[in-house]
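A.B. asks: The following block contains the structure, expressed as structure tokens.
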Amino acid sequence: MPAYYDEKAKSWYCKFYYTDYTGTKKQKKKRGFKLQREAKEYERSFLEHLQGTPDMTFQALYDIYIEDISHRLRKNTVDGKKNVFKNRILPYFKDKPINEIQATDIRAWQNEQIAAGYSNAYLDRIMNMIVTIFNYAVTFYNLPVNPCTKAGHMGKRTRSLNFWTLDEYNAIMEHVTDPAAHIAIELLFYSGMRFGELLALTPADLDYEKQTISIAKSLQRKNRQNYITAPKTDNGIRVITMPAAVMEHLEDYTRKLYGLQPDDLIFTFTRSLIRNNMKRACTASGVSCIRIHDLRHPYVKPTTKKFITFFEVFRAAS
């Protein structure tokens, strides 16, 4: 695995041959390394990535895994995974061959995360990610066993459903004065749609005669860029029947948007607009604040009499 020094550029480079997935022999050349070992490391990592063997490093496995899921999951989901791996997992395992990582290594890593004082929910999340990537190696790259199995789990995901009753919702809305925030919260509460689905709405998705809203896409924002994706689940593509009063409010709002075209986005604000309006209204009304996502919870199948159902909400608005 030689590396070469470029006298003119005053840097190192590597040059080597490999066989691609079609069986064709090709040459790979990469310049611009400050150190000889960096050039050699690049060649080693490149070949590991290409071959995907059980003795590849965790970093090589991570690169393969992220490339794979990038074609299957939404960008926001992949970015969230990248962030966790970068900060909590890669620093500990990246240079270790995956077939040499033992249950004791996982336990030691777990102890460091627990000692850092993270919440049970966050510990559960990062544990699930490392379990998943090792399962991926077991399934596709002949890793004999997932070391996380013997190490055991850490953290615990507690699932609680917060929601507003109809009376609480009405009390809140008396204090939401921003027109965009008002109609957005109203739509989220009465439709059960996700926030990304709300942001992706265009006039073409609205049928005022049938009083329906068609959901077929979701909008995600990253680094001030918009990404239109499919809804989160296969069942996310749907047509929602809305109360007449809500559709009247929505039609009135869209008429005031100058030059709005059928395929233009109706809502161009960020999540912070809704969150801040909800917080102010909650403070003014004395109602407990909930997350934006919690506005969907009235549509969850009720397990106690405390939960309101879609039909109750629908009747209240009609």
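Chains: A, B, ... in order of the structure tokens. Residues: from 1 per chain. Ligands: from 1, in order shown.
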Using only C-alpha atoms, determine which residues lie at most 12 Å from stretch 143-145 of chain A, disregarding the query and same-chain residues fewer than 5 positions distant; provide the list as a PDB file with C-alpha atoms, in the first residue's frame.

C.D. replies:
ATOM      1  CA  GLY A  52     -17.441  -4.633   2.712  1.00  0.00           C
ATOM      2  CA  THR A  53     -15.780  -7.459   4.675  1.00  0.00           C
ATOM      3  CA  PRO A  54     -16.275  -8.262   8.384  1.00  0.00           C
ATOM      4  CA  ASP A  55     -12.802  -6.906   9.173  1.00  0.00           C
ATOM      5  CA  MET A  56     -13.620  -3.459   7.815  1.00  0.00           C
ATOM      6  CA  THR A  57     -13.440  -0.581  10.278  1.00  0.00           C
ATOM      7  CA  PHE A  58     -16.542   0.800  11.900  1.00  0.00           C
ATOM      8  CA  LEU A  61     -19.273   0.249   7.757  1.00  0.00           C
ATOM      9  CA  PRO A  97     -12.506  -3.444  12.906  1.00  0.00           C
ATOM     10  CA  ILE A  98     -16.142  -4.385  13.397  1.00  0.00           C
ATOM     11  CA  ASN A  99     -15.370  -8.074  13.985  1.00  0.00           C
ATOM     12  CA  GLU A 100     -13.134  -7.090  16.900  1.00  0.00           C
ATOM     13  CA  ILE A 101     -15.742  -5.019  18.727  1.00  0.00           C
ATOM     14  CA  GLN A 102     -16.918  -7.050  21.702  1.00  0.00           C
ATOM     15  CA  ALA A 103     -19.806  -6.782  24.148  1.00  0.00           C
ATOM     16  CA  VAL A 131     -27.863  -1.891  17.340  1.00  0.00           C
ATOM     17  CA  ILE A 133     -25.893  -0.624  12.201  1.00  0.00           C
ATOM     18  CA  PHE A 134     -24.475  -3.838  13.664  1.00  0.00           C
ATOM     19  CA  ASN A 135     -27.599  -5.725  12.543  1.00  0.00           C
ATOM     20  CA  TYR A 136     -26.938  -4.274   9.089  1.00  0.00           C
ATOM     21  CA  ALA A 137     -23.403  -5.699   9.190  1.00  0.00           C
ATOM     22  CA  VAL A 138     -24.733  -9.089  10.312  1.00  0.00           C
ATOM     23  CA  LYS A 150     -24.853  -9.542  24.964  1.00  0.00           C
ATOM     24  CA  ALA A 151     -24.130  -5.996  26.123  1.00  0.00           C
TER      25      ALA A 151
END

A.B. asks: Could you write out, as a VMD selection string, all the residues of stretch 135-244 of chain A that DSSP marks as alpha helix (DSSP H)?

C.D. replies: chain A and resid 135 to 140 148 to 151 166 to 173 179 to 191 195 to 199 244

A.B. asks: Grab the atom CA of A:Thr149 to atom CA of A:Tyr92 distance for me, in Å with one decimal place.

C.D. replies: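 Atom CA of A:Thr149 sits 18.4 Å away from atom CA of A:Tyr92.
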
A.B. asks: Looking only at strand (DSSP E or B) from DSSP on the backbone, list the matching residues of stretch 158-298 of chain A as a PyMOL selection string.

C.D. replies: chain A and resi 206-207+212-215+218-222+225-229+238-241

A.B. asks: Contacts of A:Lys26 at 7 Å or less, counting only C-alpha atoms, minus same-chain residues fewer than 4 places along, as an MDAnalysis selection string?

C.D. replies: chainID A and resid 17:19

A.B. asks: For the residues in that selection, give me C-alpha atoms as an mmCIF file, in the first residue's frame.

C.D. replies:
data_model
loop_
_atom_site.group_PDB
_atom_site.id
_atom_site.type_symbol
_atom_site.label_atom_id
_atom_site.label_comp_id
_atom_site.auth_asym_id
_atom_site.auth_seq_id
_atom_site.Cartn_x
_atom_site.Cartn_y
_atom_site.Cartn_z
ATOM 1 C CA TYR A 17 -5.952 -0.488 -8.767
ATOM 2 C CA TYR A 18 -9.274 -2.034 -7.795
ATOM 3 C CA THR A 19 -12.028 -4.123 -9.390
#

A.B. asks: Nearest to A:Ile64: which of A:Gln220, A:Asn146, A:Ser45, A:Asn76 is it, counting only C-alpha atoms?

C.D. replies: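 Under the stated criterion, the closest residue is A:Ser45.
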
A.B. asks: For A:Ala200, find every residue with an atom within 12 Å (counting only C-alpha atoms), except residues of its own chain fewer than 5 positions away, and show them as a PyMOL selection string.

C.D. replies: chain A and resi 193-195+205-206+213-221+226-231+263-269

A.B. asks: Quick one: residues within 10 Å of A:His182, only C-alpha atoms counted, chain neighbours fewer than 3 positions away excluded, as JSON, numbers by chain?

C.D. replies: {"A": [172, 173, 174, 175, 176, 177, 178, 179, 185, 186, 187, 249, 274, 277, 278]}

A.B. asks: Have a look at A:Tyr122, A:Ala171, A:Asp105, A:Lys232 and name the one nearest to A:Lys75; count only C-alpha atoms.

C.D. replies: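 Once distances to A:Lys75 are computed over only C-alpha atoms, the minimum belongs to A:Lys232.
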
A.B. asks: Quote the spacing between atom CA of A:Pro243 and atom CA of A:Ile290 in Å to one decimal place.

C.D. replies: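 So the two atoms, atom CA of A:Pro243 and atom CA of A:Ile290, lie 23.2 Å apart.
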